[in-house]
Amino acid sequence: MPSYRTLQIEQDLGNPRVARLLLNRPDRLNAISEEMPSEIRAAVEWANDNSDVHVIVVEGAGKGFCGGYDLADYAEQKRDHPCQQEGHPWDPMLDYRHMKRFTEDFMSLWRSPKPTIAKVHGAAVAGGSDIAMCCDLLVMADDARIGYMPTRVWGCPTTAMWTFRLGPMRAKQMMFTGDVLSGRQAAEWGLATAAVPLAELEEKTIQLAGRISGVPGSHLAMHKMVVNQVMQTMGIEQTQSLATLFDGITRHNPEGLWFRRYSQAAGFKAAVEWRDSGRPIPEGDEARRLISEIENGEAP
C-alpha cells in the first residue's frame, strides 16, 4: 500500500472493491496541512489505477472528519505565506495559484471515474466541508456538523459546491450566516445522502459502498461522467475560479486583516469566538482603526 504523511489508503478487508481513504491527523482534528491536498489526489490516483477498486470511501480518524485548514499557527503569527501575505502590496495571483492547486486536489475526488463517498462523523467544517462535498455521496452521523463558518470573515469556499449541492437559496443562507448543519438537517435538505446514528454510520456507509461496488467500473464511470457534465455545463469551473480569487480577497481586505491582527493579539480561539458569535464584524474604516491600534500595541 502507498505511504503518506497525512492520510492512508487501503482496500477494505471485507470487500476489496472498496478503498478506504483515511484522513489521519487525529491530534489536529485532521486539519488540512500543506501536504494533505496533494496526498488526497495521489491516493485517489492510486485507487483509480487499481482495477480491483470500484468505489472510494473517505473518512477521518479520531473525533471527526476534518476541522478545516490548519490555520491557528498562521493566524496567530506574522508568518508570510502566499495565502497570508504580510508585506504590501498583496499579490493576488500568487495567492490564487496556491489556493487553486488545493481546489484542484480536492476536486480529484469529484473527477475520479470511481464513485467517492464521504463518511462524516464529528465535524466537516470550513475546508473540511470542501473535501466532503467534492465526494459524490455523503453519509453522515445524525449529530455530525457541516458548514463553512469563515464565510463570516476570512474565507470563501473555493470549491463553490454549496450552490451545486443545495441550490441558490439554501446556499445563500449558509454563506450569509456561516451556520453549520447537523447530519440530520443535511439529510433533510438533500445535502447528505443519509444520516444515521453514529453507531450505525460504518454499517450504513459500507452497505452503500458494497451496493455500488457490484456495478461494473465502466458503467460507474459513464454514469458519473453524465452527471458531472451537467455541473460543468452549469459553470462549476468558472465559479470555482471566482470563489478561489474571492477567498484570497477575504484574507487580505480590511476585514480579513483585522481578523488576522486580532488573532495575533488575542489568539485564534478568541477571534473565532467573535466570528461565530453573531457580533458585528468590524469593517471598512472601523477595521482599519482597530488594525492600527493593534499594530501600535494597544489592547485589541
# chains A, B, ... in the order shown; residues from 1 in each chain; ligands from 1

call {"tool": "closest_atom_pairs", "arguments": {"of": "stretch 49-133 of chain A", "to": "stretch 178-193 of chain A", "cutoff": "12 Å", "atoms": "only C-alpha atoms", "output": "CSV"}}
result
residue,atom,partner,partner_atom,distance
A:Ile117,CA,A:Thr193,CA,9.4
A:Ala118,CA,A:Ala192,CA,9.4
A:Lys119,CA,A:Ala192,CA,10.0
A:Val120,CA,A:Gly183,CA,8.4
A:His121,CA,A:Gly183,CA,8.6
A:Gly122,CA,A:Gly183,CA,9.4
A:Ala123,CA,A:Ser182,CA,9.3
A:Ala124,CA,A:Val180,CA,9.4
A:Val125,CA,A:Val180,CA,7.8
A:Ala126,CA,A:Gly178,CA,9.5
A:Ser129,CA,A:Val180,CA,10.1
A:Ala132,CA,A:Ala192,CA,9.9
A:Met133,CA,A:Leu191,CA,8.6

call {"tool": "select_by_dssp", "arguments": {"residues": "stretch 60-289 of chain A", "states": "alpha helix (DSSP H)", "output": "number ranges by chain"}}
result
A: 72-76, 92-106, 108-111, 127-134, 161-166, 168-177, 183-189, 198-213, 217-233, 236-252, 254-266, 268-277, 284-289

call {"tool": "atom_distance", "arguments": {"atom1": "atom CA of A:Leu23", "atom2": "atom CA of A:Asp247"}}
result
23.8 Å

call {"tool": "closest_atom_pairs", "arguments": {"of": "stretch 131-212 of chain A", "to": "stretch 12-22 of chain A", "cutoff": "12 Å", "atoms": "only C-alpha atoms", "output": "JSON lines"}}
result
{"residue": "A:Ile131", "atom": "CA", "partner": "A:Leu21", "partner_atom": "CA", "distance": 11.9}
{"residue": "A:Cys135", "atom": "CA", "partner": "A:Leu21", "partner_atom": "CA", "distance": 11.8}
{"residue": "A:Glu202", "atom": "CA", "partner": "A:Arg20", "partner_atom": "CA", "distance": 11.6}
{"residue": "A:Glu203", "atom": "CA", "partner": "A:Gly14", "partner_atom": "CA", "distance": 12.0}
{"residue": "A:Thr205", "atom": "CA", "partner": "A:Val18", "partner_atom": "CA", "distance": 10.8}
{"residue": "A:Ile206", "atom": "CA", "partner": "A:Val18", "partner_atom": "CA", "distance": 8.4}
{"residue": "A:Gln207", "atom": "CA", "partner": "A:Asn15", "partner_atom": "CA", "distance": 10.5}
{"residue": "A:Leu208", "atom": "CA", "partner": "A:Val18", "partner_atom": "CA", "distance": 10.5}
{"residue": "A:Ala209", "atom": "CA", "partner": "A:Val18", "partner_atom": "CA", "distance": 6.8}
{"residue": "A:Gly210", "atom": "CA", "partner": "A:Val18", "partner_atom": "CA", "distance": 7.2}
{"residue": "A:Arg211", "atom": "CA", "partner": "A:Val18", "partner_atom": "CA", "distance": 10.4}
{"residue": "A:Ile212", "atom": "CA", "partner": "A:Val18", "partner_atom": "CA", "distance": 9.2}

call {"tool": "write_last_selection", "arguments": {"atoms": "all heavy atoms", "output": "PDB file, in the first residue's frame"}}
result
ATOM      1  N   ILE A 131     -13.772  19.130   1.220  1.00  0.00           N
ATOM      2  CA  ILE A 131     -13.388  17.739   0.940  1.00  0.00           C
ATOM      3  C   ILE A 131     -14.622  16.847   0.890  1.00  0.00           C
ATOM      4  O   ILE A 131     -14.807  16.048  -0.040  1.00  0.00           O
ATOM      5  CB  ILE A 131     -12.390  17.223   1.994  1.00  0.00           C
ATOM      6  CG1 ILE A 131     -11.087  18.025   1.942  1.00  0.00           C
ATOM      7  CG2 ILE A 131     -12.121  15.733   1.795  1.00  0.00           C
ATOM      8  CD1 ILE A 131     -10.114  17.701   3.064  1.00  0.00           C
ATOM      9  N   CYS A 135     -16.901  14.833  -2.714  1.00  0.00           N
ATOM     10  CA  CYS A 135     -17.273  13.434  -2.889  1.00  0.00           C
ATOM     11  C   CYS A 135     -18.665  13.360  -3.515  1.00  0.00           C
ATOM     12  O   CYS A 135     -19.484  14.264  -3.368  1.00  0.00           O
ATOM     13  CB  CYS A 135     -17.258  12.699  -1.554  1.00  0.00           C
ATOM     14  SG  CYS A 135     -15.610  12.536  -0.815  1.00  0.00           S
ATOM     15  N   GLU A 202     -20.824   3.324  10.229  1.00  0.00           N
ATOM     16  CA  GLU A 202     -19.947   2.410   9.498  1.00  0.00           C
ATOM     17  C   GLU A 202     -20.757   1.413   8.675  1.00  0.00           C
ATOM     18  O   GLU A 202     -20.506   1.221   7.470  1.00  0.00           O
ATOM     19  CB  GLU A 202     -19.027   1.670  10.473  1.00  0.00           C
ATOM     20  CG  GLU A 202     -18.255   0.501   9.889  1.00  0.00           C
ATOM     21  CD  GLU A 202     -17.125   0.903   8.957  1.00  0.00           C
ATOM     22  OE1 GLU A 202     -16.829   2.114   8.838  1.00  0.00           O
ATOM     23  OE2 GLU A 202     -16.532   0.007   8.325  1.00  0.00           O
ATOM     24  N   GLU A 203     -21.740   0.800   9.306  1.00  0.00           N
ATOM     25  CA  GLU A 203     -22.547  -0.199   8.610  1.00  0.00           C
ATOM     26  C   GLU A 203     -23.277   0.422   7.417  1.00  0.00           C
ATOM     27  O   GLU A 203     -23.300  -0.160   6.320  1.00  0.00           O
ATOM     28  CB  GLU A 203     -23.561  -0.815   9.573  1.00  0.00           C
ATOM     29  CG  GLU A 203     -24.463  -1.861   8.922  1.00  0.00           C
ATOM     30  CD  GLU A 203     -25.497  -2.421   9.893  1.00  0.00           C
ATOM     31  OE1 GLU A 203     -25.544  -1.977  11.049  1.00  0.00           O
ATOM     32  OE2 GLU A 203     -26.279  -3.302   9.455  1.00  0.00           O
ATOM     33  N   THR A 205     -22.527   3.140   5.684  1.00  0.00           N
ATOM     34  CA  THR A 205     -21.604   3.556   4.620  1.00  0.00           C
ATOM     35  C   THR A 205     -21.108   2.360   3.829  1.00  0.00           C
ATOM     36  O   THR A 205     -21.086   2.382   2.589  1.00  0.00           O
ATOM     37  CB  THR A 205     -20.415   4.322   5.221  1.00  0.00           C
ATOM     38  OG1 THR A 205     -20.891   5.432   6.000  1.00  0.00           O
ATOM     39  CG2 THR A 205     -19.507   4.849   4.131  1.00  0.00           C
ATOM     40  N   ILE A 206     -20.703   1.309   4.522  1.00  0.00           N
ATOM     41  CA  ILE A 206     -20.163   0.135   3.838  1.00  0.00           C
ATOM     42  C   ILE A 206     -21.257  -0.606   3.076  1.00  0.00           C
ATOM     43  O   ILE A 206     -21.006  -1.186   2.000  1.00  0.00           O
ATOM     44  CB  ILE A 206     -19.449  -0.793   4.838  1.00  0.00           C
ATOM     45  CG1 ILE A 206     -18.211  -0.082   5.382  1.00  0.00           C
ATOM     46  CG2 ILE A 206     -19.069  -2.107   4.200  1.00  0.00           C
ATOM     47  CD1 ILE A 206     -17.237   0.378   4.289  1.00  0.00           C
ATOM     48  N   GLN A 207     -22.475  -0.568   3.587  1.00  0.00           N
ATOM     49  CA  GLN A 207     -23.593  -1.162   2.855  1.00  0.00           C
ATOM     50  C   GLN A 207     -23.795  -0.450   1.524  1.00  0.00           C
ATOM     51  O   GLN A 207     -23.959  -1.085   0.481  1.00  0.00           O
ATOM     52  CB  GLN A 207     -24.862  -1.078   3.707  1.00  0.00           C
ATOM     53  CG  GLN A 207     -26.084  -1.687   3.057  1.00  0.00           C
ATOM     54  CD  GLN A 207     -27.329  -1.474   3.910  1.00  0.00           C
ATOM     55  OE1 GLN A 207     -27.693  -0.341   4.250  1.00  0.00           O
ATOM     56  NE2 GLN A 207     -27.973  -2.568   4.290  1.00  0.00           N
ATOM     57  N   LEU A 208     -23.758   0.890   1.550  1.00  0.00           N
ATOM     58  CA  LEU A 208     -23.912   1.672   0.330  1.00  0.00           C
ATOM     59  C   LEU A 208     -22.735   1.437  -0.624  1.00  0.00           C
ATOM     60  O   LEU A 208     -22.922   1.220  -1.827  1.00  0.00           O
ATOM     61  CB  LEU A 208     -24.030   3.161   0.666  1.00  0.00           C
ATOM     62  CG  LEU A 208     -24.120   4.135  -0.511  1.00  0.00           C
ATOM     63  CD1 LEU A 208     -25.350   3.858  -1.365  1.00  0.00           C
ATOM     64  CD2 LEU A 208     -24.148   5.579   0.013  1.00  0.00           C
ATOM     65  N   ALA A 209     -21.526   1.458  -0.073  1.00  0.00           N
ATOM     66  CA  ALA A 209     -20.341   1.232  -0.897  1.00  0.00           C
ATOM     67  C   ALA A 209     -20.380  -0.165  -1.517  1.00  0.00           C
ATOM     68  O   ALA A 209     -20.005  -0.353  -2.685  1.00  0.00           O
ATOM     69  CB  ALA A 209     -19.078   1.404  -0.064  1.00  0.00           C
ATOM     70  N   GLY A 210     -20.817  -1.159  -0.739  1.00  0.00           N
ATOM     71  CA  GLY A 210     -20.895  -2.515  -1.255  1.00  0.00           C
ATOM     72  C   GLY A 210     -21.897  -2.648  -2.387  1.00  0.00           C
ATOM     73  O   GLY A 210     -21.660  -3.337  -3.376  1.00  0.00           O
ATOM     74  N   ARG A 211     -23.033  -1.965  -2.243  1.00  0.00           N
ATOM     75  CA  ARG A 211     -24.050  -1.996  -3.297  1.00  0.00           C
ATOM     76  C   ARG A 211     -23.493  -1.403  -4.595  1.00  0.00           C
ATOM     77  O   ARG A 211     -23.685  -1.956  -5.680  1.00  0.00           O
ATOM     78  CB  ARG A 211     -25.265  -1.202  -2.827  1.00  0.00           C
ATOM     79  CG  ARG A 211     -26.368  -1.027  -3.847  1.00  0.00           C
ATOM     80  CD  ARG A 211     -27.119  -2.312  -4.106  1.00  0.00           C
ATOM     81  NE  ARG A 211     -28.271  -2.089  -4.977  1.00  0.00           N
ATOM     82  CZ  ARG A 211     -29.035  -3.049  -5.482  1.00  0.00           C
ATOM     83  NH1 ARG A 211     -28.762  -4.316  -5.187  1.00  0.00           N
ATOM     84  NH2 ARG A 211     -30.060  -2.766  -6.254  1.00  0.00           N
ATOM     85  N   ILE A 212     -22.769  -0.281  -4.476  1.00  0.00           N
ATOM     86  CA  ILE A 212     -22.182   0.368  -5.648  1.00  0.00           C
ATOM     87  C   ILE A 212     -21.073  -0.496  -6.250  1.00  0.00           C
ATOM     88  O   ILE A 212     -20.927  -0.581  -7.473  1.00  0.00           O
ATOM     89  CB  ILE A 212     -21.640   1.751  -5.261  1.00  0.00           C
ATOM     90  CG1 ILE A 212     -22.790   2.687  -4.878  1.00  0.00           C
ATOM     91  CG2 ILE A 212     -20.820   2.360  -6.388  1.00  0.00           C
ATOM     92  CD1 ILE A 212     -22.333   3.990  -4.243  1.00  0.00           C
TER      93      ILE A 212
END

call {"tool": "atom_distance", "arguments": {"atom1": "atom CA of A:Ser3", "atom2": "atom CA of A:Met36"}}
result
12.5 Å

call {"tool": "select_by_dssp", "arguments": {"residues": "stretch 55-284 of chain A", "states": "strand (DSSP E or B)", "output": "PyMOL selection string"}}
result
chain A and resi 55-60+66+69+81+84+116-120+123-125+137-141+145-147+180-182+194-196

call {"tool": "closest_residue", "arguments": {"among": "A:Pro115, A:Pro300, A:Gly67, A:Gly248", "to": "A:Ala271", "atoms": "only C-alpha atoms"}}
result
A:Pro300

call {"tool": "closest_residue", "arguments": {"among": "A:Gly155, A:Pro26, A:Pro254, A:Gly128", "to": "A:Ala61", "atoms": "only C-alpha atoms"}}
result
A:Pro26

call {"tool": "residues_around", "arguments": {"residues": "A:Glu76", "least_positions_apart": "5", "cutoff": "9 Å", "atoms": "only C-alpha atoms", "output": "PyMOL selection string"}}
result
chain A and resi 71+260-268

call {"tool": "residues_around", "arguments": {"residues": "A:Thr177", "least_positions_apart": "3", "cutoff": "12 Å", "atoms": "only C-alpha atoms", "output": "ChimeraX atom specification"}}
result
/A:147-153,170-174,180-181,275-280

call {"tool": "residues_around", "arguments": {"residues": "stretch 237-241 of chain A", "least_positions_apart": "3", "cutoff": "9 Å", "atoms": "only C-alpha atoms", "output": "PyMOL selection string"}}
result
chain A and resi 96+100+103+157-161+231-232+234+244-246
